[in-house]
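Colleague: Supplied structure: protein-v7.txt, compact mmCIF, C-alpha atoms.
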```
# COMPACT_ATOMS: atom_id res chain seq x y z
CA MET A 223 -60.62 29.64 16.76
CA ALA A 224 -57.09 30.89 17.40
CA THR A 225 -56.08 34.07 19.11
CA ALA A 226 -55.23 37.08 16.99
CA THR A 227 -52.26 39.34 17.61
CA TYR A 228 -52.09 42.77 16.01
CA GLU A 229 -50.95 46.35 16.52
CA LEU A 230 -53.33 49.17 17.36
CA HIS A 231 -51.94 52.68 17.84
CA GLY A 232 -48.51 51.20 18.47
CA ILE A 233 -49.68 48.72 21.11
CA ARG A 234 -49.33 44.99 20.48
CA ILE A 235 -52.63 43.31 21.31
CA PHE A 236 -53.33 39.68 22.13
CA ASP A 237 -57.00 39.16 21.26
CA CYS A 238 -58.65 36.05 22.71
CA PRO A 239 -61.36 34.45 20.58
CA ALA A 240 -64.97 34.54 21.76
CA GLU A 241 -65.12 30.76 21.43
CA GLY A 242 -63.34 28.63 23.96
CA PRO A 243 -63.45 27.46 27.54
CA LEU A 244 -64.56 29.81 30.29
CA LEU A 245 -61.78 31.54 32.15
CA GLY A 246 -62.44 31.02 35.80
CA ASN A 247 -59.32 31.27 37.95
CA SER A 248 -55.93 32.86 38.31
CA GLN A 249 -54.22 29.90 36.60
CA ASP A 250 -56.26 30.68 33.49
CA ALA A 251 -55.00 34.26 33.70
CA VAL A 252 -51.40 33.07 34.03
CA ALA A 253 -51.83 30.86 30.95
CA LEU A 254 -53.08 33.88 28.96
CA ILE A 255 -50.18 35.94 30.24
CA GLY A 256 -47.71 33.32 29.03
CA ASP A 257 -49.37 33.23 25.62
CA ALA A 258 -49.38 37.03 25.41
CA PHE A 259 -45.70 37.23 26.37
CA GLY A 260 -44.95 34.71 23.63
CA GLN A 261 -46.45 37.18 21.14
CA ALA A 262 -44.79 40.25 22.74
CA ALA A 263 -48.24 41.68 23.51
CA LYS A 264 -48.79 44.52 25.95
CA LEU A 265 -52.59 44.32 26.11
CA ILE A 266 -54.87 41.29 26.33
CA VAL A 267 -58.45 41.54 25.07
CA ILE A 268 -60.80 39.06 26.71
CA PRO A 269 -64.39 38.72 25.53
CA ALA A 270 -66.75 39.07 28.49
CA SER A 271 -68.48 35.90 27.29
CA ARG A 272 -65.30 33.93 28.09
CA LEU A 273 -65.43 34.89 31.77
CA SER A 274 -67.14 32.72 34.35
CA SER A 275 -70.21 34.32 35.93
CA ASP A 276 -68.30 34.22 39.24
CA PHE A 277 -65.91 36.80 37.76
CA PHE A 278 -68.74 39.33 37.80
CA ARG A 279 -69.71 38.53 41.42
CA LEU A 280 -67.01 40.49 43.21
CA ARG A 281 -67.59 38.71 46.53
CA THR A 282 -66.09 35.55 45.01
CA GLY A 283 -62.72 37.30 44.66
CA MET A 284 -62.23 35.83 41.19
CA ALA A 285 -62.07 39.17 39.36
CA GLY A 286 -59.52 40.53 41.82
CA ASP A 287 -57.37 37.41 41.68
CA MET A 288 -57.37 37.23 37.89
CA LEU A 289 -56.93 40.93 37.19
CA GLN A 290 -54.14 41.25 39.75
CA LYS A 291 -52.12 38.68 37.78
CA PHE A 292 -52.24 40.87 34.66
CA VAL A 293 -51.22 43.97 36.63
CA THR A 294 -48.42 42.10 38.41
CA TYR A 295 -46.97 40.98 35.07
CA GLY A 296 -47.23 44.48 33.60
CA LEU A 297 -49.96 43.72 31.09
CA LYS A 298 -53.05 45.74 30.38
CA VAL A 299 -56.34 43.93 29.99
CA ALA A 300 -59.57 44.91 28.29
CA ILE A 301 -62.77 43.02 29.00
CA LEU A 302 -64.72 43.32 25.76
CA GLY A 303 -68.48 43.13 25.42
CA ASP A 304 -71.79 43.98 27.00
CA ILE A 305 -71.70 43.46 30.75
CA GLU A 306 -74.80 45.56 31.48
CA PRO A 307 -76.79 42.62 32.93
CA HIS A 308 -74.00 42.06 35.48
CA ILE A 309 -73.69 45.77 36.26
CA SER A 310 -77.44 46.12 36.69
CA ALA A 311 -77.35 43.41 39.34
CA SER A 312 -74.47 44.86 41.38
CA THR A 313 -73.68 48.38 42.53
CA ALA A 314 -70.26 47.16 43.68
CA LEU A 315 -69.48 45.84 40.19
CA ARG A 316 -70.70 49.09 38.60
CA ASP A 317 -68.34 51.04 40.90
CA PHE A 318 -65.47 48.64 40.15
CA VAL A 319 -65.95 49.01 36.40
CA THR A 320 -66.15 52.81 36.67
CA GLU A 321 -62.93 52.97 38.72
CA SER A 322 -61.13 50.49 36.46
CA ASN A 323 -62.03 52.51 33.38
CA ARG A 324 -60.50 55.62 34.97
CA GLY A 325 -57.14 53.88 35.15
CA ASP A 326 -54.74 52.66 32.52
CA ALA A 327 -54.39 48.95 33.27
CA ILE A 328 -57.89 47.40 33.32
CA TRP A 329 -60.73 48.47 31.07
CA PHE A 330 -64.23 47.28 30.41
CA VAL A 331 -65.21 48.25 26.86
CA PRO A 332 -68.38 47.38 24.97
CA SER A 333 -66.75 47.12 21.54
CA LEU A 334 -63.48 47.08 19.63
CA ASP A 335 -64.33 50.58 18.38
CA ASP A 336 -64.44 51.76 22.00
CA LEU A 337 -61.07 50.12 22.66
CA GLU A 338 -59.61 51.76 19.57
CA LYS A 339 -60.82 55.17 20.77
CA ARG A 340 -59.33 54.57 24.21
CA LEU A 341 -55.96 53.68 22.70
CA ALA A 342 -55.93 56.56 20.20
CA PRO A 343 -53.33 59.21 20.99
CA SER A 344 -54.68 62.39 22.53
CA PRO A 345 -54.62 65.40 20.25
CA ALA A 346 -51.65 67.69 20.86
CA PRO A 347 -52.51 70.83 22.84
CA ARG A 348 -52.55 74.04 20.88
```
Here is a file; write its structure as structure tokens.
Modeller:
Amino acid sequence: MATATYELHGIRIFDCPAEGPLLGNSQDAVALIGDAFGQAAKLIVIPASRLSSDFFRLRTGMAGDMLQKFVTYGLKVAILGDIEPHISASTALRDFVTESNRGDAIWFVPSLDDLEKRLAPSPAPR
């Protein structure tokens, strides 16, 4: 299945398919970045199911290495899907996800609806 590229609230999104090889190192991140740049995307959506289980074990350093590539190249990234089993197994991961979701570059979202809500413009103050 091919990637999809679309606009959501004025942001060009590069949406990786759920099917495909596991992403397991910083070179995989760089390849996604190149593909996203080719589509003029500003945000990459990666299904959690495409990430190696080592990504969710912070001690491996994989998550930091991969996510730093996106930040370095000025791209936002959303990890899409249920990661509760990983969070339940690691307080450090739970804290990392919570802190990431407070920022504006890396998000962990359970669904596309949640991503759409996050990207929606804030209502104007009265």
Colleague: Looking at A:Met288, A:Ala270, A:Ala251, A:Leu297, which one is nearest to Arg234 (chain A), with distances taken over only C-alpha atoms?
Modeller: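 Once distances to Arg234 (chain A) are computed over only C-alpha atoms, the minimum belongs to A:Leu297.
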Colleague: Would you mind telling me which residue in A:Leu334, A:Ala327, A:Ala226, A:Ala258 lies nearest to Thr294 (chain A) when using only C-alpha atoms?
Modeller: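 Among the listed residues, A:Ala327 lies closest to Thr294 (chain A).
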Colleague: Env of region 273-283 of chain A: 6 Å cut, atoms = all atoms listed in the file, seq-sep filter 5 positions within chain, self excluded. Answer as a PyMOL selection string.
Modeller: chain A and resi 244-246
Colleague: Given the choices A:Glu306, A:Glu321, A:Glu229, A:Asp326, which gets closest to Ala262 (chain A) if the distance is worked out from only C-alpha atoms?
Modeller: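 Closest to Ala262 (chain A) of all the choices is A:Glu229.
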Colleague: I'd like the neighbourhood of Gln261 (chain A) as a list in words, where a residue qualifies if any of its atoms comes within 9 Å (using all atoms listed in the file), though same-chain residues fewer than 4 positions away should be ignored.
Modeller: Thr227, Arg234, Ile235, Phe236, Gly256 and Asp257 of chain A
Colleague: For Pro239 (chain A), which of A:Ile309, A:Ala285, A:Ala253, A:Leu302 is the closest residue, counting only C-alpha atoms?
Modeller: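 Once distances to Pro239 (chain A) are computed over only C-alpha atoms, the minimum belongs to A:Leu302.
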Colleague: Quick one: residues within 6 Å of Cys238 (chain A), all atoms listed in the file, excluding same-chain residues fewer than 3 positions away - as a ChimeraX atom specification?
Modeller: /A:225,267-268
Colleague: Keeping only C-alpha atoms, write the selected residues as a compact mmCIF listing (two decimals), in the frame of the given file.
Modeller:
```txt
# COMPACT_ATOMS: atom_id res chain seq x y z
CA THR A 225 -56.08 34.07 19.11
CA VAL A 267 -58.45 41.54 25.07
CA ILE A 268 -60.80 39.06 26.71
```
Colleague: Between A:Met284, A:Leu230, A:Leu265, A:Ile255, which residue has the minimum interatomic distance to Trp329 (chain A), considering all atoms listed in the file?
Modeller: A:Leu265
Colleague: Centre and edge lengths of an axis-aligned box around all listed atoms of region 296-312 of chain A, with 3 Å added on each side, are to be given in Å to one decimal, as AutoDock Vina command-line options.
Modeller:
```
--center_x -62.3 --center_y 44.1 --center_z 33.4 --size_x 36.2 --size_y 10.1 --size_z 22.0
```
Colleague: Just how far from CA of Arg324 (chain A) is CA of Gly296 (chain A), in Å to one decimal?
Modeller: 17.4 Å
Colleague: What would region 326-348 of chain A look like with N, CA, C and O atoms restored, written as a PDB file, in the frame of the given file?
Modeller:
```
ATOM      1  N   ASP A 326     -55.381  52.987  33.792  1.00  0.00           N
ATOM      2  CA  ASP A 326     -54.740  52.660  32.520  1.00  0.00           C
ATOM      3  C   ASP A 326     -54.319  51.202  32.407  1.00  0.00           C
ATOM      4  O   ASP A 326     -53.603  50.832  31.489  1.00  0.00           O
ATOM      5  N   ALA A 327     -54.803  50.345  33.318  1.00  0.00           N
ATOM      6  CA  ALA A 327     -54.390  48.950  33.270  1.00  0.00           C
ATOM      7  C   ALA A 327     -55.536  47.985  32.987  1.00  0.00           C
ATOM      8  O   ALA A 327     -55.324  46.948  32.357  1.00  0.00           O
ATOM      9  N   ILE A 328     -56.734  48.296  33.464  1.00  0.00           N
ATOM     10  CA  ILE A 328     -57.890  47.400  33.320  1.00  0.00           C
ATOM     11  C   ILE A 328     -59.054  48.223  32.789  1.00  0.00           C
ATOM     12  O   ILE A 328     -59.428  49.232  33.392  1.00  0.00           O
ATOM     13  N   TRP A 329     -59.597  47.762  31.667  1.00  0.00           N
ATOM     14  CA  TRP A 329     -60.730  48.470  31.070  1.00  0.00           C
ATOM     15  C   TRP A 329     -61.845  47.500  30.748  1.00  0.00           C
ATOM     16  O   TRP A 329     -61.606  46.359  30.360  1.00  0.00           O
ATOM     17  N   PHE A 330     -63.044  47.987  30.855  1.00  0.00           N
ATOM     18  CA  PHE A 330     -64.230  47.280  30.410  1.00  0.00           C
ATOM     19  C   PHE A 330     -64.792  48.095  29.253  1.00  0.00           C
ATOM     20  O   PHE A 330     -65.180  49.256  29.448  1.00  0.00           O
ATOM     21  N   VAL A 331     -64.765  47.526  28.055  1.00  0.00           N
ATOM     22  CA  VAL A 331     -65.210  48.250  26.860  1.00  0.00           C
ATOM     23  C   VAL A 331     -66.270  47.443  26.128  1.00  0.00           C
ATOM     24  O   VAL A 331     -66.150  46.234  25.999  1.00  0.00           O
ATOM     25  N   PRO A 332     -67.312  48.121  25.646  1.00  0.00           N
ATOM     26  CA  PRO A 332     -68.380  47.380  24.970  1.00  0.00           C
ATOM     27  C   PRO A 332     -68.017  46.869  23.583  1.00  0.00           C
ATOM     28  O   PRO A 332     -68.597  45.883  23.118  1.00  0.00           O
ATOM     29  N   SER A 333     -67.062  47.516  22.912  1.00  0.00           N
ATOM     30  CA  SER A 333     -66.750  47.120  21.540  1.00  0.00           C
ATOM     31  C   SER A 333     -65.290  47.387  21.205  1.00  0.00           C
ATOM     32  O   SER A 333     -64.607  48.137  21.909  1.00  0.00           O
ATOM     33  N   LEU A 334     -64.838  46.798  20.103  1.00  0.00           N
ATOM     34  CA  LEU A 334     -63.480  47.080  19.630  1.00  0.00           C
ATOM     35  C   LEU A 334     -63.334  48.539  19.226  1.00  0.00           C
ATOM     36  O   LEU A 334     -62.257  49.117  19.390  1.00  0.00           O
ATOM     37  N   ASP A 335     -64.390  49.149  18.712  1.00  0.00           N
ATOM     38  CA  ASP A 335     -64.330  50.580  18.380  1.00  0.00           C
ATOM     39  C   ASP A 335     -64.046  51.404  19.622  1.00  0.00           C
ATOM     40  O   ASP A 335     -63.261  52.353  19.577  1.00  0.00           O
ATOM     41  N   ASP A 336     -64.680  51.038  20.746  1.00  0.00           N
ATOM     42  CA  ASP A 336     -64.440  51.760  22.000  1.00  0.00           C
ATOM     43  C   ASP A 336     -62.996  51.562  22.472  1.00  0.00           C
ATOM     44  O   ASP A 336     -62.379  52.492  22.985  1.00  0.00           O
ATOM     45  N   LEU A 337     -62.464  50.368  22.303  1.00  0.00           N
ATOM     46  CA  LEU A 337     -61.070  50.120  22.660  1.00  0.00           C
ATOM     47  C   LEU A 337     -60.149  50.947  21.782  1.00  0.00           C
ATOM     48  O   LEU A 337     -59.197  51.561  22.268  1.00  0.00           O
ATOM     49  N   GLU A 338     -60.429  50.985  20.497  1.00  0.00           N
ATOM     50  CA  GLU A 338     -59.610  51.760  19.570  1.00  0.00           C
ATOM     51  C   GLU A 338     -59.605  53.228  19.965  1.00  0.00           C
ATOM     52  O   GLU A 338     -58.558  53.874  19.977  1.00  0.00           O
ATOM     53  N   LYS A 339     -60.740  53.763  20.342  1.00  0.00           N
ATOM     54  CA  LYS A 339     -60.820  55.170  20.770  1.00  0.00           C
ATOM     55  C   LYS A 339     -60.014  55.395  22.046  1.00  0.00           C
ATOM     56  O   LYS A 339     -59.354  56.404  22.196  1.00  0.00           O
ATOM     57  N   ARG A 340     -60.074  54.443  22.951  1.00  0.00           N
ATOM     58  CA  ARG A 340     -59.330  54.570  24.210  1.00  0.00           C
ATOM     59  C   ARG A 340     -57.819  54.570  23.965  1.00  0.00           C
ATOM     60  O   ARG A 340     -57.076  55.267  24.633  1.00  0.00           O
ATOM     61  N   LEU A 341     -57.392  53.783  22.987  1.00  0.00           N
ATOM     62  CA  LEU A 341     -55.960  53.680  22.700  1.00  0.00           C
ATOM     63  C   LEU A 341     -55.436  54.793  21.787  1.00  0.00           C
ATOM     64  O   LEU A 341     -54.224  54.970  21.681  1.00  0.00           O
ATOM     65  N   ALA A 342     -56.343  55.503  21.146  1.00  0.00           N
ATOM     66  CA  ALA A 342     -55.930  56.560  20.200  1.00  0.00           C
ATOM     67  C   ALA A 342     -55.149  57.635  20.958  1.00  0.00           C
ATOM     68  O   ALA A 342     -55.510  57.993  22.086  1.00  0.00           O
ATOM     69  N   PRO A 343     -54.096  58.145  20.342  1.00  0.00           N
ATOM     70  CA  PRO A 343     -53.330  59.210  20.990  1.00  0.00           C
ATOM     71  C   PRO A 343     -54.203  60.455  21.188  1.00  0.00           C
ATOM     72  O   PRO A 343     -55.072  60.758  20.369  1.00  0.00           O
ATOM     73  N   SER A 344     -53.963  61.128  22.291  1.00  0.00           N
ATOM     74  CA  SER A 344     -54.680  62.390  22.530  1.00  0.00           C
ATOM     75  C   SER A 344     -54.184  63.435  21.571  1.00  0.00           C
ATOM     76  O   SER A 344     -52.993  63.473  21.252  1.00  0.00           O
ATOM     77  N   PRO A 345     -55.077  64.317  21.138  1.00  0.00           N
ATOM     78  CA  PRO A 345     -54.620  65.400  20.250  1.00  0.00           C
ATOM     79  C   PRO A 345     -53.630  66.291  20.999  1.00  0.00           C
ATOM     80  O   PRO A 345     -53.751  66.496  22.209  1.00  0.00           O
ATOM     81  N   ALA A 346     -52.661  66.798  20.277  1.00  0.00           N
ATOM     82  CA  ALA A 346     -51.650  67.690  20.860  1.00  0.00           C
ATOM     83  C   ALA A 346     -52.324  69.003  21.264  1.00  0.00           C
ATOM     84  O   ALA A 346     -53.172  69.524  20.553  1.00  0.00           O
ATOM     85  N   PRO A 347     -51.938  69.527  22.436  1.00  0.00           N
ATOM     86  CA  PRO A 347     -52.510  70.830  22.840  1.00  0.00           C
ATOM     87  C   PRO A 347     -52.043  71.939  21.906  1.00  0.00           C
ATOM     88  O   PRO A 347     -50.960  71.884  21.358  1.00  0.00           O
ATOM     89  N   ARG A 348     -52.880  72.918  21.764  1.00  0.00           N
ATOM     90  CA  ARG A 348     -52.550  74.040  20.880  1.00  0.00           C
ATOM     91  C   ARG A 348     -51.900  75.156  21.633  1.00  0.00           C
ATOM     92  O   ARG A 348     -52.027  75.430  22.710  1.00  0.00           O
TER      93      ARG A 348
END
```
